[in-house]
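Novice: entry_3.tsv is the file, holding TSV, C-alpha atoms:
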chain	number	residue	atom	x	y	z
A	287	MET	CA	5.24	13.06	-9.92
A	288	THR	CA	4.20	9.49	-10.56
A	289	THR	CA	2.68	7.20	-7.98
A	290	LYS	CA	5.98	5.40	-7.48
A	291	GLU	CA	7.67	8.72	-6.75
A	292	LEU	CA	5.36	9.65	-3.91
A	293	PRO	CA	7.23	9.87	-0.61
A	294	SER	CA	6.12	7.67	2.22
A	295	GLY	CA	5.84	8.24	5.96
A	296	PRO	CA	4.59	11.15	8.05
A	297	ALA	CA	5.50	13.74	5.42
A	298	THR	CA	2.65	12.51	3.20
A	299	ARG	CA	-0.05	13.15	5.78
A	300	PRO	CA	-2.49	15.84	4.68
A	301	PRO	CA	-2.52	19.06	6.63
A	302	SER	CA	-5.09	19.24	9.37
A	303	THR	CA	-6.44	21.82	11.73
A	304	THR	CA	-4.88	22.30	15.13
A	305	HIS	CA	-8.23	23.02	16.79
A	306	THR	CA	-9.15	20.39	19.37
A	307	GLY	CA	-12.88	20.40	18.52
A	308	PRO	CA	-12.63	19.31	14.86
A	309	GLN	CA	-9.86	16.86	15.73
A	310	LEU	CA	-11.99	15.25	18.41
A	311	GLY	CA	-15.03	15.06	16.11
A	312	ALA	CA	-13.02	13.39	13.35
A	313	PHE	CA	-11.54	10.99	15.87
A	314	LEU	CA	-14.94	9.92	17.17
A	315	ARG	CA	-16.34	9.47	13.65
A	316	SER	CA	-13.42	7.22	12.74
A	317	TRP	CA	-14.22	4.65	15.42
A	318	GLY	CA	-16.49	2.30	13.55
A	319	PRO	CA	-16.63	-1.51	13.70
A	320	ALA	CA	-14.10	-1.81	10.87
A	321	ARG	CA	-11.50	0.14	12.83
A	322	TRP	CA	-12.06	-1.96	15.94
A	323	LYS	CA	-11.66	-5.11	13.87
A	324	LEU	CA	-8.40	-3.75	12.46
A	325	LEU	CA	-6.88	-2.81	15.80
A	326	ALA	CA	-8.23	-5.55	18.07
A	327	PRO	CA	-5.67	-8.35	17.34
A	328	GLY	CA	-2.61	-6.18	17.95
A	329	VAL	CA	-4.09	-4.44	21.00
A	330	ALA	CA	-5.02	-7.82	22.49
A	331	VAL	CA	-1.43	-9.06	22.12
A	332	CYS	CA	-0.15	-5.83	23.73
A	333	ALA	CA	-2.56	-6.32	26.63
A	334	ALA	CA	-1.41	-9.90	27.12
A	335	ALA	CA	2.24	-8.82	27.09
A	336	ALA	CA	1.51	-6.03	29.59
A	337	ALA	CA	-0.21	-8.51	31.89
A	338	ALA	CA	2.79	-10.82	31.65
A	339	ALA	CA	5.16	-7.95	32.46
A	340	VAL	CA	3.10	-6.95	35.50
A	341	CYS	CA	3.05	-10.56	36.76
A	342	LEU	CA	6.81	-10.97	36.26
A	343	THR	CA	7.41	-7.73	38.16
A	344	ALA	CA	5.41	-9.11	41.09
A	345	LEU	CA	7.60	-12.23	41.06
A	346	LEU	CA	10.85	-10.26	40.72
A	347	PRO	CA	10.96	-7.51	43.37
A	348	GLY	CA	12.85	-4.46	42.15
A	349	ALA	CA	12.37	-5.31	38.47
A	350	SER	CA	10.99	-2.67	36.11
A	351	THR	CA	7.64	-3.44	34.49
A	352	LEU	CA	8.52	-1.17	31.58
A	353	LEU	CA	11.89	-2.81	31.03
A	354	ILE	CA	10.33	-6.29	31.07
A	355	ALA	CA	7.66	-5.18	28.59
A	356	ILE	CA	10.27	-3.71	26.27
A	357	VAL	CA	12.37	-6.88	26.42
A	358	ILE	CA	9.34	-9.04	25.59
A	359	GLY	CA	8.57	-6.84	22.60
A	360	VAL	CA	12.15	-6.85	21.32
A	361	LEU	CA	12.37	-10.63	21.69
A	362	LEU	CA	9.12	-11.11	19.79
A	363	ARG	CA	10.27	-8.82	17.00
A	364	ASN	CA	13.66	-10.48	16.59
A	365	LEU	CA	12.91	-14.15	17.25
A	366	VAL	CA	9.63	-14.81	15.44
A	367	PRO	CA	7.86	-13.33	12.41
A	368	VAL	CA	5.26	-10.76	13.45
A	369	PRO	CA	1.98	-11.17	11.51
A	370	ALA	CA	1.07	-8.07	9.52
A	371	ARG	CA	-2.45	-8.02	10.96
A	372	LEU	CA	-1.00	-7.19	14.40
A	373	LEU	CA	0.84	-4.08	13.25
A	374	PRO	CA	-2.08	-1.59	13.29
A	375	GLY	CA	-2.85	-2.49	16.90
A	376	PHE	CA	0.82	-2.22	17.84
A	377	GLY	CA	0.95	1.25	16.30
A	378	TYR	CA	-2.16	2.28	18.23
A	379	ALA	CA	-0.73	1.01	21.51
A	380	ALA	CA	2.64	2.69	20.98
A	381	LYS	CA	0.99	6.07	20.58
A	382	THR	CA	-2.54	6.27	21.98
A	383	LEU	CA	-2.16	3.91	24.95
A	384	LEU	CA	1.08	5.66	25.87
A	385	ARG	CA	-0.75	8.98	26.00
A	386	ALA	CA	-3.57	7.40	28.02
A	387	GLY	CA	-0.99	6.28	30.56
A	388	VAL	CA	0.28	9.86	30.80
A	389	VAL	CA	-3.28	11.06	31.44
A	390	LEU	CA	-3.74	8.61	34.32
A	391	LEU	CA	-0.43	9.78	35.77
A	392	GLY	CA	-2.09	13.15	36.32
A	393	TYR	CA	-4.51	11.64	38.86
A	394	GLN	CA	-1.58	10.68	41.06
A	395	LEU	CA	-0.66	14.35	41.57
A	396	LEU	CA	-1.94	16.27	44.56
A	397	VAL	CA	-0.86	19.89	44.36
A	398	SER	CA	-1.14	20.35	48.13
A	399	ASP	CA	1.51	17.64	48.63
A	400	VAL	CA	3.84	19.47	46.28
A	401	LEU	CA	3.27	22.78	48.09
A	402	SER	CA	4.14	21.09	51.38
A	403	LEU	CA	7.74	20.84	50.20
A	404	GLY	CA	8.14	24.57	50.74
A	405	PRO	CA	9.26	27.31	48.34
A	406	GLY	CA	12.93	26.29	48.50
A	407	MET	CA	12.43	22.73	47.29
A	408	ILE	CA	9.82	23.82	44.75
A	409	LEU	CA	12.45	26.16	43.30
A	410	VAL	CA	14.90	23.23	43.27
A	411	VAL	CA	12.41	21.11	41.30
A	412	VAL	CA	11.94	23.88	38.74
A	413	CYS	CA	15.72	24.19	38.39
A	414	ILE	CA	16.15	20.42	38.06
A	415	VAL	CA	13.70	20.33	35.17
A	416	GLY	CA	14.73	23.58	33.48
A	417	LEU	CA	18.49	23.25	33.85
A	418	GLY	CA	18.29	19.48	33.33
A	419	ILE	CA	16.64	19.93	29.94
A	420	GLY	CA	18.87	22.85	28.94
A	421	GLY	CA	22.09	21.14	30.00
A	422	THR	CA	21.19	17.87	28.30
A	423	LEU	CA	20.30	19.64	25.06
A	424	LEU	CA	23.64	21.45	25.15
A	425	MET	CA	25.60	18.25	25.84
A	426	GLY	CA	23.67	16.50	23.09
A	427	ARG	CA	24.65	19.20	20.63
A	428	TRP	CA	28.31	18.86	21.64
A	429	LEU	CA	28.08	15.09	21.15
A	430	GLY	CA	26.45	15.45	17.75
A	431	VAL	CA	23.18	13.77	18.78
A	432	GLY	CA	20.24	14.71	16.53
A	433	PRO	CA	17.88	17.45	17.75
A	434	THR	CA	14.85	15.18	18.14
A	435	GLN	CA	16.78	12.46	19.94
A	436	ARG	CA	18.39	14.88	22.38
A	437	LEU	CA	15.04	16.56	23.12
A	438	LEU	CA	13.41	13.20	23.90
A	439	ILE	CA	16.30	12.23	26.18
A	440	ALA	CA	16.42	15.64	27.86
A	441	CYS	CA	12.73	15.63	28.80
A	442	GLY	CA	12.64	11.94	29.70
A	443	PHE	CA	15.58	12.24	32.08
A	444	SER	CA	14.62	15.63	33.56
A	445	ILE	CA	10.86	15.21	34.08
A	446	CYS	CA	9.27	11.77	34.35
A	447	GLY	CA	10.85	9.15	32.13
A	448	ALA	CA	8.83	7.30	29.52
A	449	ALA	CA	5.74	9.42	30.16
A	450	ALA	CA	7.69	12.57	29.29
A	451	VAL	CA	9.11	10.92	26.17
A	452	ALA	CA	5.55	10.06	25.14
A	453	ALA	CA	4.39	13.61	25.81
A	454	VAL	CA	7.17	15.12	23.70
A	455	ASP	CA	6.44	12.65	20.91
A	456	GLY	CA	2.79	13.66	21.11
A	457	VAL	CA	3.74	17.29	20.51
A	458	ILE	CA	6.45	16.97	17.86
A	459	GLU	CA	5.21	13.69	16.28
A	460	THR	CA	8.63	12.09	15.89
A	461	ARG	CA	9.08	10.66	12.41
A	462	GLU	CA	11.75	8.12	13.34
A	463	ARG	CA	10.17	5.69	15.83
A	464	ARG	CA	13.61	4.31	16.65
A	465	GLU	CA	14.43	7.61	18.36
A	466	VAL	CA	11.42	7.25	20.66
A	467	MET	CA	12.30	3.65	21.45
A	468	THR	CA	15.92	4.56	22.13
A	469	ALA	CA	14.93	7.34	24.54
A	470	VAL	CA	12.51	5.06	26.40
A	471	ALA	CA	15.07	2.24	26.62
A	472	LEU	CA	17.72	4.62	27.95
A	473	VAL	CA	15.33	6.01	30.56
A	474	VAL	CA	14.55	2.51	31.79
A	475	ILE	CA	18.16	1.32	31.78
A	476	PHE	CA	19.76	4.29	33.52
A	477	GLY	CA	16.84	4.82	35.90
A	478	THR	CA	17.05	1.18	36.95
A	479	LEU	CA	20.79	1.51	37.54
A	480	MET	CA	20.08	4.44	39.86
A	481	ILE	CA	17.93	2.30	42.17
A	482	PRO	CA	20.94	0.69	43.93
A	483	ILE	CA	23.49	3.41	43.14
A	484	LEU	CA	21.72	6.41	44.68
A	485	PRO	CA	21.01	4.87	48.13
A	486	ALA	CA	24.64	3.72	48.32
A	487	ALA	CA	25.87	7.19	47.33
A	488	ALA	CA	23.56	8.82	49.88
A	489	ALA	CA	25.00	6.61	52.61
A	490	LEU	CA	28.56	7.47	51.58
A	491	LEU	CA	27.71	11.17	51.70
A	492	GLY	CA	26.16	10.79	55.14
A	493	LEU	CA	22.72	12.00	54.10
A	494	GLY	CA	19.84	11.34	56.47
A	495	TYR	CA	16.65	9.57	55.43
A	496	TYR	CA	14.84	12.81	54.59
A	497	GLN	CA	17.62	14.33	52.50
A	498	ALA	CA	18.28	11.03	50.75
A	499	GLY	CA	14.58	10.81	49.86
A	500	LEU	CA	14.64	14.34	48.48
A	501	TRP	CA	17.67	13.45	46.38
A	502	ALA	CA	16.07	10.25	45.05
A	503	GLY	CA	12.89	12.07	44.04
A	504	GLY	CA	14.88	14.80	42.33
A	505	SER	CA	17.27	12.50	40.47
A	506	ILE	CA	15.64	9.25	39.34
A	507	HIS	CA	13.66	9.13	36.13
A	508	GLU	CA	10.54	6.98	36.62
A	509	VAL	CA	8.04	7.14	39.49
A	510	ALA	CA	8.29	3.36	39.97
A	511	GLN	CA	12.08	3.61	40.11
A	512	VAL	CA	11.82	6.35	42.75
A	513	VAL	CA	9.53	4.14	44.82
A	514	ALA	CA	12.05	1.28	44.62
A	515	ALA	CA	14.97	3.51	45.62
A	516	GLY	CA	13.00	5.20	48.41
A	517	GLY	CA	12.03	1.81	49.82
A	518	THR	CA	15.68	0.76	49.75
A	519	ILE	CA	16.73	3.87	51.70
A	520	GLY	CA	14.01	3.31	54.29
A	521	GLY	CA	12.71	5.59	57.00
A	522	ALA	CA	11.03	8.78	55.86
A	523	ALA	CA	12.69	8.60	52.45
A	524	LEU	CA	9.91	6.92	50.49
A	525	GLY	CA	7.15	9.43	51.16
A	526	VAL	CA	9.20	12.54	50.48
A	527	ALA	CA	10.89	10.96	47.44
A	528	VAL	CA	7.52	10.34	45.80
A	529	ILE	CA	6.33	13.89	46.53
A	530	VAL	CA	9.44	15.42	44.96
A	531	LYS	CA	9.11	13.13	41.96
A	532	LEU	CA	5.47	14.08	41.48
A	533	ALA	CA	6.50	17.73	41.69
A	534	ARG	CA	8.74	17.05	38.69
A	535	VAL	CA	5.83	15.35	36.93
A	536	LEU	CA	3.80	18.51	37.55
A	537	MET	CA	6.25	20.34	35.28
A	538	LEU	CA	5.16	18.17	32.34
A	539	ALA	CA	2.29	20.42	31.25
A	540	PRO	CA	4.17	23.76	31.13
A	541	VAL	CA	7.20	22.18	29.43
A	542	MET	CA	5.00	20.61	26.74
A	543	ALA	CA	3.29	23.97	26.17
A	544	VAL	CA	6.68	25.66	25.72
A	545	ILE	CA	7.85	22.97	23.28
A	546	SER	CA	4.62	23.27	21.30
A	547	VAL	CA	4.87	27.06	21.04
A	548	GLN	CA	8.50	26.87	19.95
A	549	ARG	CA	7.67	24.23	17.34
A	550	ARG	CA	4.82	26.34	15.96
A	551	ARG	CA	7.16	29.31	15.65
A	552	ALA	CA	9.83	27.21	13.95
A	553	MET	CA	7.28	25.97	11.40
A	554	GLY	CA	6.35	29.54	10.51
A	555	ALA	CA	3.21	30.51	8.64
A	556	SER	CA	3.29	27.59	6.17
A	557	ALA	CA	-0.23	26.57	5.21
A	558	THR	CA	0.84	23.05	4.27
A	559	SER	CA	2.41	22.08	7.61
A	560	ARG	CA	0.47	20.47	10.39
A	561	LYS	CA	1.12	22.58	13.47
A	562	PRO	CA	0.76	21.09	16.95
A	563	PRO	CA	-1.86	22.63	19.25
A	564	ILE	CA	-0.48	24.85	21.99
A	565	MET	CA	-2.06	22.45	24.49
A	566	PRO	CA	-2.31	18.87	23.14
A	567	LEU	CA	-5.53	17.11	24.06
A	568	PHE	CA	-3.84	14.46	26.19
A	569	VAL	CA	-1.95	17.13	28.18
A	570	ALA	CA	-5.24	18.94	28.80
A	571	CYS	CA	-6.66	15.62	30.04
A	572	PHE	CA	-3.58	15.21	32.26
A	573	ILE	CA	-4.39	18.57	33.88
A	574	ALA	CA	-8.08	17.62	34.15
A	575	MET	CA	-7.13	14.46	36.04
A	576	MET	CA	-5.08	16.58	38.46
A	577	ALA	CA	-8.10	18.80	39.02
A	578	LEU	CA	-10.33	15.76	39.54
A	579	ARG	CA	-7.97	14.40	42.18
A	580	ALA	CA	-8.00	17.78	43.95
A	581	THR	CA	-11.81	17.74	44.25
A	582	GLY	CA	-11.77	14.55	46.31
A	583	TRP	CA	-14.96	13.39	44.63
A	584	LEU	CA	-13.73	9.88	43.87
A	585	PRO	CA	-13.08	7.26	46.58
A	586	ALA	CA	-9.54	6.57	47.80
A	587	VAL	CA	-9.40	3.34	45.83
A	588	ALA	CA	-9.46	5.39	42.61
A	589	LEU	CA	-5.81	6.29	43.24
A	590	ASP	CA	-4.87	2.60	43.28
A	591	TRP	CA	-6.85	2.08	40.08
A	592	SER	CA	-5.07	4.97	38.39
A	593	LYS	CA	-1.66	3.62	39.37
A	594	ALA	CA	-2.51	0.13	38.14
A	595	GLY	CA	-4.02	1.49	34.94
A	596	GLU	CA	-1.04	3.74	34.25
A	597	SER	CA	1.40	0.88	34.79
A	598	PHE	CA	-0.62	-1.45	32.55
A	599	LEU	CA	-1.08	1.06	29.73
A	600	LEU	CA	2.57	2.11	29.72
A	601	ALA	CA	3.66	-1.54	29.77
A	602	ALA	CA	1.43	-2.28	26.75
A	603	ALA	CA	2.89	0.73	24.96
A	604	MET	CA	6.46	-0.26	25.82
A	605	PHE	CA	5.84	-3.73	24.44
A	606	ALA	CA	4.49	-2.21	21.22
A	607	LEU	CA	7.53	0.05	20.93
A	608	GLY	CA	9.76	-2.96	21.53
A	609	THR	CA	8.17	-4.82	18.62
A	610	GLY	CA	9.28	-2.00	16.36
A	611	VAL	CA	12.96	-2.42	17.18
A	612	HIS	CA	15.31	-4.63	15.27
A	613	VAL	CA	18.39	-5.37	17.39
A	614	LYS	CA	20.76	-4.54	14.53
A	615	SER	CA	18.91	-1.29	14.00
A	616	LEU	CA	19.09	-0.37	17.69
A	617	LEU	CA	22.79	-1.13	17.81
A	618	GLY	CA	23.13	1.13	14.81
A	619	VAL	CA	22.28	4.23	16.87
A	620	GLY	CA	25.87	4.23	18.12
A	621	LEU	CA	27.33	5.19	21.48
A	622	ARG	CA	26.45	8.88	21.44
A	623	PRO	CA	22.88	8.55	22.81
A	624	PHE	CA	24.19	6.24	25.55
A	625	ILE	CA	26.91	8.73	26.48
A	626	LEU	CA	24.34	11.52	26.52
A	627	ALA	CA	22.03	9.44	28.72
A	628	ALA	CA	24.83	8.78	31.21
A	629	ALA	CA	25.83	12.45	31.23
A	630	ALA	CA	22.20	13.54	31.68
A	631	THR	CA	21.77	11.15	34.61
A	632	VAL	CA	24.84	12.55	36.35
A	633	TRP	CA	23.87	16.14	35.53
A	634	VAL	CA	20.32	15.83	36.92
A	635	ALA	CA	21.60	14.00	40.01
A	636	CYS	CA	24.15	16.75	40.67
A	637	LEU	CA	21.52	19.46	40.30
A	638	ALA	CA	19.24	17.62	42.71
A	639	LEU	CA	22.02	17.03	45.24
A	640	ALA	CA	23.06	20.68	45.19
A	641	GLY	CA	19.48	21.76	45.76
A	642	VAL	CA	18.97	19.28	48.60
A	643	LEU	CA	22.15	20.38	50.37
A	644	ILE	CA	21.08	24.04	50.12
A	645	PHE	CA	17.34	23.83	50.82
A	646	GLY	CA	16.81	20.30	52.20
How does this structure look as structure tokens?
Specialist:
Amino acid sequence: MTTKELPSGPATRPPSTTHTGPQLGAFLRSWGPARWKLLAPGVAVCAAAAAAAVCLTALLPGASTLLIAIVIGVLLRNLVPVPARLLPGFGYAAKTLLRAGVVLLGYQLLVSDVLSLGPGMILVVVCIVGLGIGGTLLMGRWLGVGPTQRLLIACGFSICGAAAVAAVDGVIETRERREVMTAVALVVIFGTLMIPILPAAAALLGLGYYQAGLWAGGSIHEVAQVVAAGGTIGGAALGVAVIVKLARVLMLAPVMAVISVQRRRAMGASATSRKPPIMPLFVACFIAMMALRATGWLPAVALDWSKAGESFLLAAAMFALGTGVHVKSLLGVGLRPFILAAAATVWVACLALAGVLIFG
């Protein structure tokens, strides 16, 4: 094969070990001044865009920081030429900063709060995640949506939105970045639509504050979206909605482990394929942050820092993902992912409502 015939993209990456130790050592050795110089311009632009998104969210109550960040990125990509020297930093933000945001999300989990829901609602949360993923995958197959795209949508809509999409991408290393961007955009769009729709539906069904909060936490995709909907409902809804949502976030680690094991089995014993670790490093860090929160060693303000840091990092990553999307290319995905996203939203909401009516 000549040089011109060499394939490009992820398939050309050399095989590497799946052991965390060697991976971490190689990672640390790669961070020299030259790498910082390469990444700094793009990362700085991502940070500036994230700061702008956070500020705009403060000025526009109810707006989604992630959605604003995505829009800024898409506008930049499609309205002005993006200098090539920014691209390495954008790539770093879209992957590494996204995973860092997932790690900080772990510090917001307090297992004792989840246990306070009682065994009935904990079972409901497990069913929402398990049946939500399974049902969405099945509907995606019926619709003819590709396996990677439907897995990203299924986990994003059933667990915790963009953070779950990032976690799945970290395990399976999606080759087509447009699929990741599409899943994130759909999570933001449909989760934002649920903010006014779910409180109105809860009122029509005659649900009290507590049950409506349980339903919001079990149905809506992003933590920030749950907070917005819970605040709209009022009363005791906000607190219980957040706890139920964080219980869904708690399912992130076991689901990622299952996906990783299944992927390793599907790859077989090939010596040339790069197999994902059973427990990706960033998922292990996510669990470590949960354990750190449980110790109570850090001051209460650390929780506020983790929330702000998570929001900022995910916004920077969303902006970077947005810069990788050409509008014509995004429109080219067709209606099927949008139909699947709508169906998944309804499916997860129905599962949550059934559970709330039985155990809430």
Novice: Counting all atoms listed in the file, which of A:Leu424, A:Ile458, A:Leu395, A:Ala628 gets nearest to A:Gln548?
Specialist: A:Ile458
Novice: When you draw a straight line from atom CA of A:Ala333 to atom CA of A:Ala602, how long is it in Å?
Specialist: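 Value for the atom CA of A:Ala333-atom CA of A:Ala602 distance: 5.7 Å.
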Novice: Which one of A:Ala630, A:Val474, A:Met407, A:Val454 sits closest to A:Gln497 if you count all atoms listed in the file?
Specialist: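 With all atoms listed in the file as the atom set, the closest residue is A:Met407.
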Novice: Given only C-alpha atoms as the basis, pick out the residue of A:Leu536, A:Val457, A:Cys441, A:Val526 nearest to A:Ala577.
Specialist: A:Leu536
Novice: May I ask which of the residues A:Gly377, A:Gly477, A:Pro540, A:Gly492 is the closest one to A:Val415, counting all atoms listed in the file?
Specialist: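 Checking each of A:Gly377, A:Gly477, A:Pro540, A:Gly492 against A:Val415, counting all atoms listed in the file, the winner is A:Pro540.
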Novice: Kindly give the distance, in Å, that separates atom CA of A:Ala339 and atom CA of A:Ala469, rounded to a single decimal.
Specialist: 19.8 Å
Novice: Which residue is closest to A:Leu500? Choose from A:Ser592, A:Ile408, A:Leu352, A:Val541 and count all atoms listed in the file.
Specialist: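 Nearest candidate to A:Leu500 out of A:Ser592, A:Ile408, A:Leu352, A:Val541: A:Ile408.
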Novice: For A:Glu459, please output as a VMD selection string all residues within 10 Å (counting all atoms listed in the file; exclusion window: fewer than 3 positions along the same chain).
Specialist: chain A and resid 296 381 434 452 to 456 462 to 463 466 562
Novice: Record the distance separating atom CA of A:Leu391 and atom CA of A:Arg363, expressed in Å with one decimal.
Specialist: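 Separation of atom CA of A:Leu391 and atom CA of A:Arg363: 28.5 Å.
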Novice: Using only the atoms of stretch 455-466 of chain A listed in the file, plus 6 Å on each side, state the axis-aligned box centre and edge lengths in Å rounded to one decimal, as lines of an AutoDock Vina configuration file.
Specialist:
center_x = 8.6
center_y = 10.8
center_z = 16.8
size_x = 23.6
size_y = 25.0
size_z = 20.7
Novice: Which residue, A:Val360, A:Val547, A:Leu396, A:Ile445, has the smallest gap to A:Lys531 when you use all atoms listed in the file?
Specialist: A:Ile445
Novice: Could you name the residues that touch A:Ser505 at 7 Å or less, counting all atoms listed in the file, but leaving out those on the same chain fewer than 6 positions away, as a list in words?
Specialist: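 After dropping sequence-adjacent residues, the list is Val634, Ala635 and Ala638 of chain A.
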Novice: Per residue of stretch 370-425 of chain A within 12 Å of stretch 618-626 of chain A, which atom pair is closest and at what distance in Å (one decimal), using only C-alpha atoms, listed by chain and increasing number, as CSV?
Specialist:
residue,atom,partner,partner_atom,distance
A:Ile419,CA,A:Leu626,CA,11.9
A:Gly421,CA,A:Leu626,CA,10.5
A:Thr422,CA,A:Leu626,CA,7.3
A:Leu423,CA,A:Leu626,CA,9.2
A:Leu424,CA,A:Leu626,CA,10.0
A:Met425,CA,A:Leu626,CA,6.9
Novice: Give me the residues within 12 Å of A:Ala498 as number ranges by chain, counting all atoms listed in the file and dropping any in the same chain fewer than 2 places off.
Specialist: A: 483-496, 500-506, 512, 515-528, 530, 635, 638-639, 641-643, 646
Novice: Excluding A:Pro374 and any residue of its chain fewer than 3 positions from it, enumerate the residues within 9 Å of it, using all atoms listed in the file, and give them as a list in words.
Specialist: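 Those residues are Leu324, Leu325, Ala326, Pro327, Gly328, Val329, Ala370, Arg371, Gly377, Tyr378 and Ala379 of chain A.
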Novice: Report the closest atom pair, with its distance in Å rounded to one decimal, for each residue of stretch 322-428 of chain A that has an atom no farther than 9 Å from stretch 608-612 of chain A; count only C-alpha atoms, sort by chain and then rising residue number, and write it as CSV.
Specialist:
residue,atom,partner,partner_atom,distance
A:Ala355,CA,A:Gly608,CA,7.7
A:Ile356,CA,A:Gly608,CA,4.8
A:Val357,CA,A:Gly608,CA,6.8
A:Ile358,CA,A:Gly608,CA,7.3
A:Gly359,CA,A:Gly608,CA,4.2
A:Val360,CA,A:Gly608,CA,4.6
A:Leu361,CA,A:Thr609,CA,7.8
A:Leu362,CA,A:Thr609,CA,6.5
A:Arg363,CA,A:Thr609,CA,4.8
A:Asn364,CA,A:His612,CA,6.2
A:Val368,CA,A:Thr609,CA,8.4
A:Phe376,CA,A:Thr609,CA,7.8
A:Gly377,CA,A:Gly610,CA,8.9
Novice: Let's have the selection written as a PDB file, keeping the file's coordinate frame, with C-alpha atoms.
Specialist:
ATOM      1  CA  ALA A 355       7.660  -5.180  28.590  1.00  0.00           C
ATOM      2  CA  ILE A 356      10.270  -3.710  26.270  1.00  0.00           C
ATOM      3  CA  VAL A 357      12.370  -6.880  26.420  1.00  0.00           C
ATOM      4  CA  ILE A 358       9.340  -9.040  25.590  1.00  0.00           C
ATOM      5  CA  GLY A 359       8.570  -6.840  22.600  1.00  0.00           C
ATOM      6  CA  VAL A 360      12.150  -6.850  21.320  1.00  0.00           C
ATOM      7  CA  LEU A 361      12.370 -10.630  21.690  1.00  0.00           C
ATOM      8  CA  LEU A 362       9.120 -11.110  19.790  1.00  0.00           C
ATOM      9  CA  ARG A 363      10.270  -8.820  17.000  1.00  0.00           C
ATOM     10  CA  ASN A 364      13.660 -10.480  16.590  1.00  0.00           C
ATOM     11  CA  VAL A 368       5.260 -10.760  13.450  1.00  0.00           C
ATOM     12  CA  PHE A 376       0.820  -2.220  17.840  1.00  0.00           C
ATOM     13  CA  GLY A 377       0.950   1.250  16.300  1.00  0.00           C
TER      14      GLY A 377
END
Novice: Please write stretch 402-416 of chain A of the preceding block to a file containing N, CA and C atoms, as a compact mmCIF listing (two decimals), in the first residue's frame?
Specialist:
# COMPACT_ATOMS: atom_id res chain seq x y z
N SER A 402 -32.59 7.87 50.44
CA SER A 402 -33.77 8.43 51.12
C SER A 402 -35.03 8.34 50.28
N LEU A 403 -34.90 8.08 49.00
CA LEU A 403 -36.07 7.94 48.14
C LEU A 403 -36.87 6.69 48.48
N GLY A 404 -36.22 5.71 49.09
CA GLY A 404 -36.89 4.45 49.41
C GLY A 404 -36.70 3.42 48.32
N PRO A 405 -36.85 2.15 48.66
CA PRO A 405 -36.60 1.08 47.68
C PRO A 405 -37.51 1.14 46.46
N GLY A 406 -38.75 1.59 46.64
CA GLY A 406 -39.68 1.65 45.50
C GLY A 406 -39.20 2.60 44.43
N MET A 407 -38.86 3.82 44.81
CA MET A 407 -38.41 4.81 43.82
C MET A 407 -37.03 4.47 43.27
N ILE A 408 -36.19 3.84 44.08
CA ILE A 408 -34.89 3.41 43.56
C ILE A 408 -35.09 2.38 42.46
N LEU A 409 -36.04 1.46 42.67
CA LEU A 409 -36.37 0.48 41.64
C LEU A 409 -36.90 1.17 40.39
N VAL A 410 -37.71 2.21 40.58
CA VAL A 410 -38.24 2.97 39.45
C VAL A 410 -37.10 3.60 38.65
N VAL A 411 -36.12 4.17 39.33
CA VAL A 411 -34.98 4.80 38.65
C VAL A 411 -34.21 3.76 37.83
N VAL A 412 -33.99 2.59 38.42
CA VAL A 412 -33.28 1.52 37.68
C VAL A 412 -34.07 1.13 36.44
N CYS A 413 -35.40 1.04 36.57
CA CYS A 413 -36.24 0.69 35.42
C CYS A 413 -36.24 1.79 34.37
N ILE A 414 -36.26 3.05 34.81
CA ILE A 414 -36.22 4.16 33.85
C ILE A 414 -34.97 4.07 32.99
N VAL A 415 -33.84 3.84 33.64
CA VAL A 415 -32.57 3.79 32.90
C VAL A 415 -32.48 2.52 32.05
N GLY A 416 -32.76 1.37 32.65
CA GLY A 416 -32.64 0.11 31.93
C GLY A 416 -33.63 -0.03 30.79
